[in-house]
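Structure, as structure tokens:
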Amino acid sequence: MGALKSKVGSAFSGTPAATGAQASTVPDNGEPLSLSAITNTYLLPGRYADGEQQLRRYLAKYPNDRAAQNLLRQLTVDPKVALGATSRSYVVQAGDSYSTLAARDLGDSSQFLVLARYNGSTNPSTLRAGETIRLPSISARASSRSSAKETSTSVATTASTSNATPSNESPAAKAQRLQAESTALLRQGQKDQAMARLDEALTLDPHVKPAGDPAVRAPLLASYHERAVVLYRDQKLDQAIALWDRILAVDPGYERAVIYRARALELQHRLNQI
């Protein structure tokens, strides 16, 4: 096993993907880390205390950023207060993540952090198929949707459309709306918020057609790939493969995902034979 793990590490020598340590470096100009860097480097790996510190630093610079406020609230609120004490058991399926479950059960993929804490997770990036977790009851889910709506980032150019959104909006329609909001955010210079909004859109519908968002979609897929690489190097192969599957659902021609997914499947096969 040790020999195989060393081979995994050597397979990535020279890869352009950033490691967690590289991503956590504070910019030389004194600017706080971006929200995507804080999420990938601290929140998803469960480094909650460091993540809270980075979020507070970010909010000191951008105090009105509602996406950052939302993440900080998820870190500091009592999960049972936020989601309710009544819950039901759920067996994790292949491809599930706290983000996809939050999108499905709470109506907002950005609520992944409080859902992970609700389950006592110290590593929200890891969710294994066959594992049993707790999901909030129906009444708690309705409360969470209301809370998420209150803390979501408002977009001036799409506010009237969002307010008029019917309650029975289909996932495909919602994905298209979120993608439009992502484009509007990017035009306002709010790239992190634009990426978060597009991430939610692609969670709902990986096949939503690009609509003027290449400047957001490309770095978002790159962040998925970088996260998958870290998981692969840690031999968390199911999670890595699930992320590459997600990339390929969005962009079947994403060459790096094709190559590394094949390596992960080969390594998984070899490990299963030991």
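Labels used: A, B, ... for chains in the order of the structure tokens, numbers from 1 for residues in each chain, and numbers from 1 for ligands as shown.
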
Counting only C-alpha atoms, which residues of region 80-108 of chain A fall within 12 Å of region 39-47 of chain A, and what is the closest atom pair for each with its distance in Å at one decimal, ordered by chain and rising number, as a Markdown table?
```
| residue | atom | partner | partner_atom | distance |
| --- | --- | --- | --- | --- |
| A:Ser97 | CA | A:Leu44 | CA | 10.9 |
| A:Tyr98 | CA | A:Leu44 | CA | 9.9 |
| A:Ser99 | CA | A:Leu44 | CA | 10.3 |
```

Please dump the current selection as a JSON list (two decimals), in the first residue's frame; keep N, CA and C atoms.
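Saved the output as out.json:
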```json
[["chain", "number", "residue", "atom", "x", "y", "z"],
["A", 97, "SER", "N", -22.76, 14.31, -2.68],
["A", 97, "SER", "CA", -21.86, 15.15, -1.90],
["A", 97, "SER", "C", -22.75, 16.00, -1.00],
["A", 98, "TYR", "N", -22.16, 16.64, -0.01],
["A", 98, "TYR", "CA", -22.97, 17.51, 0.83],
["A", 98, "TYR", "C", -23.56, 18.66, 0.00],
["A", 99, "SER", "N", -22.85, 19.06, -1.04],
["A", 99, "SER", "CA", -23.34, 20.12, -1.91],
["A", 99, "SER", "C", -24.58, 19.68, -2.68]]
```

* To do: Just the strand (DSSP E) stuff from region 53-228 of chain A, please, per backbone DSSP, written as a PyMOL selection string.
  => chain A and resi 87-91+132-136

Keeping only N, CA and C atoms, take the residues you just selected and write them out as a PDB file, in the first residue's frame.
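File written: again_35.pdb
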```pdb
ATOM      1  N   SER A  87     -34.852  14.674  12.235  1.00  0.00           N
ATOM      2  CA  SER A  87     -34.161  14.290  11.011  1.00  0.00           C
ATOM      3  C   SER A  87     -34.560  12.880  10.595  1.00  0.00           C
ATOM      4  N   ARG A  88     -34.075  12.480   9.449  1.00  0.00           N
ATOM      5  CA  ARG A  88     -34.303  11.128   8.933  1.00  0.00           C
ATOM      6  C   ARG A  88     -32.975  10.576   8.443  1.00  0.00           C
ATOM      7  N   SER A  89     -32.841   9.281   8.432  1.00  0.00           N
ATOM      8  CA  SER A  89     -31.606   8.665   7.968  1.00  0.00           C
ATOM      9  C   SER A  89     -31.605   8.574   6.450  1.00  0.00           C
ATOM     10  N   TYR A  90     -30.413   8.640   5.885  1.00  0.00           N
ATOM     11  CA  TYR A  90     -30.257   8.560   4.434  1.00  0.00           C
ATOM     12  C   TYR A  90     -28.973   7.815   4.125  1.00  0.00           C
ATOM     13  N   VAL A  91     -29.043   6.861   3.211  1.00  0.00           N
ATOM     14  CA  VAL A  91     -27.874   6.101   2.782  1.00  0.00           C
ATOM     15  C   VAL A  91     -27.264   6.789   1.571  1.00  0.00           C
ATOM     16  N   THR A 132     -24.320   6.094   6.154  1.00  0.00           N
ATOM     17  CA  THR A 132     -25.622   6.600   6.581  1.00  0.00           C
ATOM     18  C   THR A 132     -25.445   7.940   7.280  1.00  0.00           C
ATOM     19  N   ILE A 133     -26.177   8.942   6.806  1.00  0.00           N
ATOM     20  CA  ILE A 133     -26.120  10.263   7.416  1.00  0.00           C
ATOM     21  C   ILE A 133     -27.540  10.691   7.784  1.00  0.00           C
ATOM     22  N   ARG A 134     -27.664  11.867   8.388  1.00  0.00           N
ATOM     23  CA  ARG A 134     -28.961  12.405   8.770  1.00  0.00           C
ATOM     24  C   ARG A 134     -29.293  13.600   7.883  1.00  0.00           C
ATOM     25  N   LEU A 135     -30.531  13.652   7.422  1.00  0.00           N
ATOM     26  CA  LEU A 135     -31.029  14.793   6.669  1.00  0.00           C
ATOM     27  C   LEU A 135     -32.184  15.414   7.442  1.00  0.00           C
ATOM     28  N   PRO A 136     -32.319  16.735   7.404  1.00  0.00           N
ATOM     29  CA  PRO A 136     -33.379  17.390   8.161  1.00  0.00           C
ATOM     30  C   PRO A 136     -34.769  16.966   7.698  1.00  0.00           C
TER      31      PRO A 136
END
```

* Asked: Within 6 Å of region 198-210 of chain A, counting only C-alpha atoms, which residues qualify if same-chain residues fewer than 5 places away don't, as a ChimeraX atom specification?
  -> /A:109,171-172,175,178-179,182,249-250

Keeping all heavy atoms for every residue in the selection just given, could you write it to a file as a compact mmCIF listing (two decimals), in the first residue's frame?
```
# COMPACT_ATOMS: atom_id res chain seq x y z
N SER A 109 -27.35 24.63 -2.78
CA SER A 109 -26.11 23.86 -2.65
C SER A 109 -25.09 24.56 -1.77
O SER A 109 -24.21 23.90 -1.20
CB SER A 109 -25.50 23.60 -4.03
OG SER A 109 -25.11 24.82 -4.64
N PRO A 171 -35.86 22.30 -11.98
CA PRO A 171 -34.41 22.37 -11.81
C PRO A 171 -33.71 22.96 -13.03
O PRO A 171 -32.77 23.75 -12.89
CB PRO A 171 -34.01 20.92 -11.57
CG PRO A 171 -35.22 20.29 -10.97
CD PRO A 171 -36.38 20.96 -11.66
N ALA A 172 -34.15 22.58 -14.24
CA ALA A 172 -33.52 23.10 -15.46
C ALA A 172 -33.71 24.61 -15.57
O ALA A 172 -32.78 25.34 -15.92
CB ALA A 172 -34.09 22.39 -16.68
N ALA A 175 -31.58 26.32 -13.02
CA ALA A 175 -30.17 26.31 -13.42
C ALA A 175 -29.90 27.41 -14.43
O ALA A 175 -28.87 28.10 -14.36
CB ALA A 175 -29.81 24.94 -14.00
N LEU A 178 -29.89 30.75 -12.55
CA LEU A 178 -28.68 30.92 -11.76
C LEU A 178 -27.48 31.23 -12.65
O LEU A 178 -26.61 32.02 -12.29
CB LEU A 178 -28.42 29.66 -10.94
CG LEU A 178 -29.39 29.42 -9.78
CD1 LEU A 178 -29.18 28.02 -9.21
CD2 LEU A 178 -29.20 30.46 -8.68
N GLN A 179 -27.45 30.62 -13.83
CA GLN A 179 -26.36 30.89 -14.76
C GLN A 179 -26.43 32.34 -15.23
O GLN A 179 -25.40 33.03 -15.35
CB GLN A 179 -26.41 29.95 -15.96
CG GLN A 179 -25.30 30.20 -16.97
CD GLN A 179 -25.28 29.16 -18.08
OE1 GLN A 179 -24.32 28.44 -18.25
NE2 GLN A 179 -26.34 29.10 -18.85
N SER A 182 -25.14 34.43 -12.56
CA SER A 182 -23.68 34.30 -12.53
C SER A 182 -23.04 35.26 -13.52
O SER A 182 -22.06 35.94 -13.21
CB SER A 182 -23.28 32.86 -12.84
OG SER A 182 -21.88 32.75 -12.99
N ALA A 249 -19.52 15.48 -17.07
CA ALA A 249 -20.93 15.70 -17.37
C ALA A 249 -21.14 17.10 -17.93
O ALA A 249 -21.99 17.32 -18.79
CB ALA A 249 -21.77 15.51 -16.11
N VAL A 250 -20.34 18.05 -17.45
CA VAL A 250 -20.42 19.42 -17.93
C VAL A 250 -19.67 19.58 -19.25
O VAL A 250 -20.15 20.19 -20.20
CB VAL A 250 -19.83 20.41 -16.88
CG1 VAL A 250 -19.82 21.84 -17.43
CG2 VAL A 250 -20.62 20.33 -15.58
```

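Nearest-residue note for Leu231 (chain A): choosing from A:Asn119, A:Arg261, A:Ser125, A:Gln190, the minimum distance belongs to A:Ser125, counting only C-alpha atoms.
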
* Quick one: pull the distance between CA of Ala184 (chain A) and CA of Pro63 (chain A), Å, one decimal. => 20.4 Å

* **Distance criterion (only C-alpha atoms): nearest to Gly130 (chain A) out of A:Gln111, A:Gln93, A:Ser34, A:Gln193** => A:Gln93

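One finds CA of Leu185 (chain A) at 12.8 Å from CA of Arg66 (chain A).
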
* Grab the CA of Arg256 (chain A) to CA of Val230 (chain A) distance for me, in Å with one decimal place. => 14.0 Å

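Shortest separation to Pro252 (chain A) among A:Leu33, A:Leu221, A:Ala173, A:Arg57 occurs at residue A:Leu221, atoms counted being only C-alpha atoms.
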
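Look at Ala68 (chain A): the protein and nucleic acid residues within 9 Å of it, using only C-alpha atoms and passing over chain neighbours fewer than 6 places away, are Leu35, Leu55, Arg56, Tyr58, Leu59 and Tyr62 of chain A.
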
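Remark: for Val258 (chain A), the closest of the candidate residues A:Asp96, A:Ala49, A:Arg270, A:His225 is A:His225 (distances computed over only C-alpha atoms).
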